Structure formats: structure tokens, C-alpha cells
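Pasting upload-v7.txt here (compact mmCIF, N, CA and C atoms):
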```txt
# COMPACT_ATOMS: atom_id res chain seq x y z
N MET A 1 -16.36 -3.03 -2.58
CA MET A 1 -15.21 -2.41 -1.96
C MET A 1 -14.46 -3.46 -1.14
N PRO A 2 -13.16 -3.34 -1.08
CA PRO A 2 -12.36 -4.31 -0.32
C PRO A 2 -12.46 -4.08 1.19
N LEU A 3 -12.16 -5.15 1.91
CA LEU A 3 -12.09 -5.10 3.37
C LEU A 3 -10.62 -5.01 3.79
N TYR A 4 -10.35 -4.22 4.80
CA TYR A 4 -8.99 -4.06 5.32
C TYR A 4 -8.99 -4.33 6.81
N ASP A 5 -8.06 -5.17 7.27
CA ASP A 5 -7.86 -5.39 8.69
C ASP A 5 -6.88 -4.33 9.18
N MET A 6 -7.25 -3.67 10.26
CA MET A 6 -6.46 -2.56 10.79
C MET A 6 -6.20 -2.76 12.28
N ARG A 7 -5.17 -2.07 12.80
CA ARG A 7 -4.86 -2.06 14.23
C ARG A 7 -4.53 -0.64 14.64
N CYS A 8 -5.08 -0.24 15.76
CA CYS A 8 -4.80 1.09 16.32
C CYS A 8 -3.46 1.05 17.05
N ARG A 9 -2.60 1.99 16.76
CA ARG A 9 -1.30 2.07 17.44
C ARG A 9 -1.44 2.66 18.84
N GLN A 10 -2.53 3.36 19.11
CA GLN A 10 -2.74 3.98 20.43
C GLN A 10 -3.25 2.96 21.45
N CYS A 11 -4.35 2.26 21.11
CA CYS A 11 -4.98 1.38 22.10
C CYS A 11 -4.88 -0.11 21.76
N GLY A 12 -4.40 -0.45 20.56
CA GLY A 12 -4.21 -1.85 20.18
C GLY A 12 -5.44 -2.54 19.62
N LYS A 13 -6.55 -1.85 19.49
CA LYS A 13 -7.78 -2.44 18.96
C LYS A 13 -7.57 -2.87 17.52
N GLU A 14 -7.99 -4.10 17.20
CA GLU A 14 -7.99 -4.58 15.81
C GLU A 14 -9.40 -4.51 15.29
N PHE A 15 -9.56 -4.04 14.06
CA PHE A 15 -10.88 -3.88 13.47
C PHE A 15 -10.78 -4.01 11.96
N THR A 16 -11.92 -4.19 11.33
CA THR A 16 -12.00 -4.33 9.88
C THR A 16 -12.84 -3.20 9.33
N ILE A 17 -12.37 -2.61 8.23
CA ILE A 17 -13.14 -1.56 7.57
C ILE A 17 -13.37 -1.95 6.11
N MET A 18 -14.46 -1.44 5.55
CA MET A 18 -14.73 -1.57 4.13
C MET A 18 -14.53 -0.18 3.55
N ALA A 19 -13.52 -0.03 2.70
CA ALA A 19 -13.18 1.30 2.21
C ALA A 19 -12.43 1.21 0.89
N SER A 20 -12.44 2.29 0.15
CA SER A 20 -11.62 2.37 -1.06
C SER A 20 -10.16 2.54 -0.64
N TRP A 21 -9.28 2.43 -1.60
CA TRP A 21 -7.84 2.57 -1.34
C TRP A 21 -7.55 3.92 -0.67
N GLN A 22 -8.16 4.99 -1.17
CA GLN A 22 -7.92 6.32 -0.61
C GLN A 22 -8.55 6.48 0.77
N GLU A 23 -9.75 5.94 0.96
CA GLU A 23 -10.46 6.10 2.23
C GLU A 23 -9.76 5.39 3.38
N LYS A 24 -9.09 4.27 3.09
CA LYS A 24 -8.44 3.53 4.18
C LYS A 24 -7.31 4.34 4.81
N GLU A 25 -6.74 5.27 4.06
CA GLU A 25 -5.67 6.12 4.60
C GLU A 25 -6.20 7.08 5.67
N ASN A 26 -7.52 7.30 5.69
CA ASN A 26 -8.14 8.22 6.66
C ASN A 26 -8.89 7.48 7.76
N ALA A 27 -8.61 6.20 7.95
CA ALA A 27 -9.33 5.39 8.93
C ALA A 27 -9.04 5.88 10.35
N THR A 28 -10.03 5.76 11.21
CA THR A 28 -9.86 6.08 12.63
C THR A 28 -10.32 4.90 13.47
N CYS A 29 -9.76 4.78 14.64
CA CYS A 29 -10.08 3.70 15.55
C CYS A 29 -11.50 3.86 16.09
N PRO A 30 -12.30 2.79 16.03
CA PRO A 30 -13.67 2.88 16.57
C PRO A 30 -13.70 2.93 18.10
N ARG A 31 -12.62 2.53 18.77
CA ARG A 31 -12.58 2.53 20.24
C ARG A 31 -12.16 3.89 20.79
N CYS A 32 -11.01 4.40 20.31
CA CYS A 32 -10.47 5.62 20.92
C CYS A 32 -10.49 6.83 19.98
N GLY A 33 -10.81 6.62 18.69
CA GLY A 33 -10.89 7.74 17.76
C GLY A 33 -9.57 8.18 17.17
N SER A 34 -8.49 7.50 17.51
CA SER A 34 -7.17 7.87 17.00
C SER A 34 -7.07 7.62 15.50
N ASN A 35 -6.29 8.45 14.82
CA ASN A 35 -6.02 8.20 13.39
C ASN A 35 -4.67 7.51 13.21
N GLN A 36 -4.06 7.08 14.31
CA GLN A 36 -2.79 6.35 14.27
C GLN A 36 -3.07 4.85 14.09
N VAL A 37 -3.50 4.48 12.89
CA VAL A 37 -3.84 3.09 12.61
C VAL A 37 -2.93 2.55 11.52
N GLU A 38 -2.74 1.24 11.53
CA GLU A 38 -1.92 0.59 10.53
C GLU A 38 -2.69 -0.59 9.94
N GLN A 39 -2.42 -0.86 8.68
CA GLN A 39 -3.06 -1.99 8.02
C GLN A 39 -2.34 -3.28 8.42
N LEU A 40 -3.11 -4.32 8.70
CA LEU A 40 -2.56 -5.64 9.00
C LEU A 40 -2.60 -6.47 7.73
N TYR A 41 -1.58 -7.23 7.51
CA TYR A 41 -1.54 -8.12 6.35
C TYR A 41 -1.65 -9.55 6.85
N ARG A 42 -2.71 -10.20 6.48
CA ARG A 42 -2.98 -11.55 6.95
C ARG A 42 -2.92 -12.52 5.77
N SER A 43 -2.61 -13.76 6.07
CA SER A 43 -2.60 -14.78 5.03
C SER A 43 -4.02 -15.32 4.86
N PHE A 44 -4.25 -15.95 3.74
CA PHE A 44 -5.55 -16.57 3.49
C PHE A 44 -5.32 -17.82 2.65
N ALA A 45 -6.32 -18.68 2.64
CA ALA A 45 -6.23 -19.93 1.88
C ALA A 45 -7.42 -20.02 0.95
N LEU A 46 -7.20 -20.59 -0.19
CA LEU A 46 -8.28 -20.84 -1.13
C LEU A 46 -8.61 -22.32 -1.08
N GLY A 47 -9.86 -22.64 -0.94
CA GLY A 47 -10.27 -24.04 -0.90
C GLY A 47 -10.89 -24.45 -2.23
N LYS A 48 -10.94 -25.74 -2.45
CA LYS A 48 -11.60 -26.25 -3.65
C LYS A 48 -13.10 -26.25 -3.41
N GLY A 49 -13.83 -25.73 -4.35
CA GLY A 49 -15.28 -25.75 -4.26
C GLY A 49 -15.83 -27.09 -4.72
N THR A 50 -17.05 -27.39 -4.32
CA THR A 50 -17.66 -28.64 -4.73
C THR A 50 -18.75 -28.43 -5.76
N SER A 51 -19.04 -27.18 -6.08
CA SER A 51 -20.14 -26.93 -7.01
C SER A 51 -19.66 -26.83 -8.45
N GLY A 52 -18.39 -27.09 -8.72
CA GLY A 52 -17.90 -27.06 -10.10
C GLY A 52 -17.70 -25.63 -10.58
N GLY A 53 -17.03 -25.51 -11.68
CA GLY A 53 -16.86 -24.18 -12.22
C GLY A 53 -15.51 -23.58 -11.92
N GLY A 54 -15.34 -22.70 -11.07
CA GLY A 54 -14.14 -21.89 -10.92
C GLY A 54 -12.97 -22.50 -10.20
N GLY A 55 -12.74 -23.79 -10.30
CA GLY A 55 -11.61 -24.40 -9.60
C GLY A 55 -10.27 -24.07 -10.25
N CYS A 56 -9.19 -24.37 -9.58
CA CYS A 56 -7.86 -24.09 -10.07
C CYS A 56 -7.18 -25.33 -10.62
N SER A 57 -7.87 -26.45 -10.61
CA SER A 57 -7.26 -27.70 -11.07
C SER A 57 -7.70 -27.99 -12.51
N PRO A 58 -6.83 -28.63 -13.28
CA PRO A 58 -7.23 -29.01 -14.63
C PRO A 58 -8.27 -30.12 -14.57
N ALA A 59 -8.99 -30.29 -15.65
CA ALA A 59 -9.97 -31.37 -15.74
C ALA A 59 -9.25 -32.71 -15.64
N PRO A 60 -9.91 -33.76 -15.17
CA PRO A 60 -9.27 -35.07 -15.09
C PRO A 60 -8.71 -35.49 -16.44
N GLY A 61 -7.48 -36.00 -16.41
CA GLY A 61 -6.85 -36.43 -17.64
C GLY A 61 -6.20 -35.32 -18.46
N ARG A 62 -6.24 -34.08 -17.96
CA ARG A 62 -5.66 -32.94 -18.66
C ARG A 62 -4.65 -32.26 -17.76
N SER A 63 -3.83 -31.43 -18.31
CA SER A 63 -2.85 -30.71 -17.49
C SER A 63 -2.82 -29.26 -17.93
N PHE A 64 -2.27 -28.42 -17.06
CA PHE A 64 -2.09 -27.02 -17.42
C PHE A 64 -0.98 -26.91 -18.44
N GLY A 65 -1.09 -25.93 -19.32
CA GLY A 65 -0.01 -25.61 -20.25
C GLY A 65 0.10 -26.60 -21.31
```
Write out the structure in this file as C-alpha cells.
Amino acid sequence: MPLYDMRCRQCGKEFTIMASWQEKENATCPRCGSNQVEQLYRSFALGKGTSGGGGCSPAPGRSFG
């Protein structure tokens, strides 16, 4: 299940929940119990792994496309 970062509109508490798409719509604040919560959209970065396999770069001497 995906993780969602949320913020309570009542008390300002930020928290993370693990929920399905439908369940996140029913989230409540763990601090004050309010259902007035909003999803936060945060940026993220992907790093290159060192163990080989699922990288996003072409093999040396090769190119995409």
C-alpha cells in the first residue's frame, strides 16, 4: 500500500499514513481526531544504485533509443 503525507487543517499536525486510495479520503488526525486533513505533495529524488540492475542509465558505450 502507498504512503501518504498528510496535514491536519485544524491543528497543523503533519503525519504519514499507509492506506489505499479510498481509505486516505477517510483519514483523521492522530493528534486532535479531526477529519479536516489534506494530502501533502512532496518532491523526491531517485539515486543511482551501486548494486547493478535497475538503473536508469544506458550501458557504457550505448545510448537510449
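Taking atom C of A:Thr28 and atom N of A:Ala45 as endpoints, the distance between them is 26.3 Å.
Between atom N of A:Gln10 and atom N of A:Phe44 the interatomic distance comes to 24.7 Å.
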From the list A:Met6, A:Leu46, A:Met1, A:Leu40, the nearest residue to A:Ala19 using only N, CA and C atoms is A:Met1
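Atom pair atom N of A:Ser34 / atom C of A:Leu3: separated by 18.7 Å.
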Across A:Tyr4, A:Ala27, A:Trp21, A:Lys13, the smallest distance to A:Tyr41, with all atoms listed in the file counted, is shown by A:Tyr4
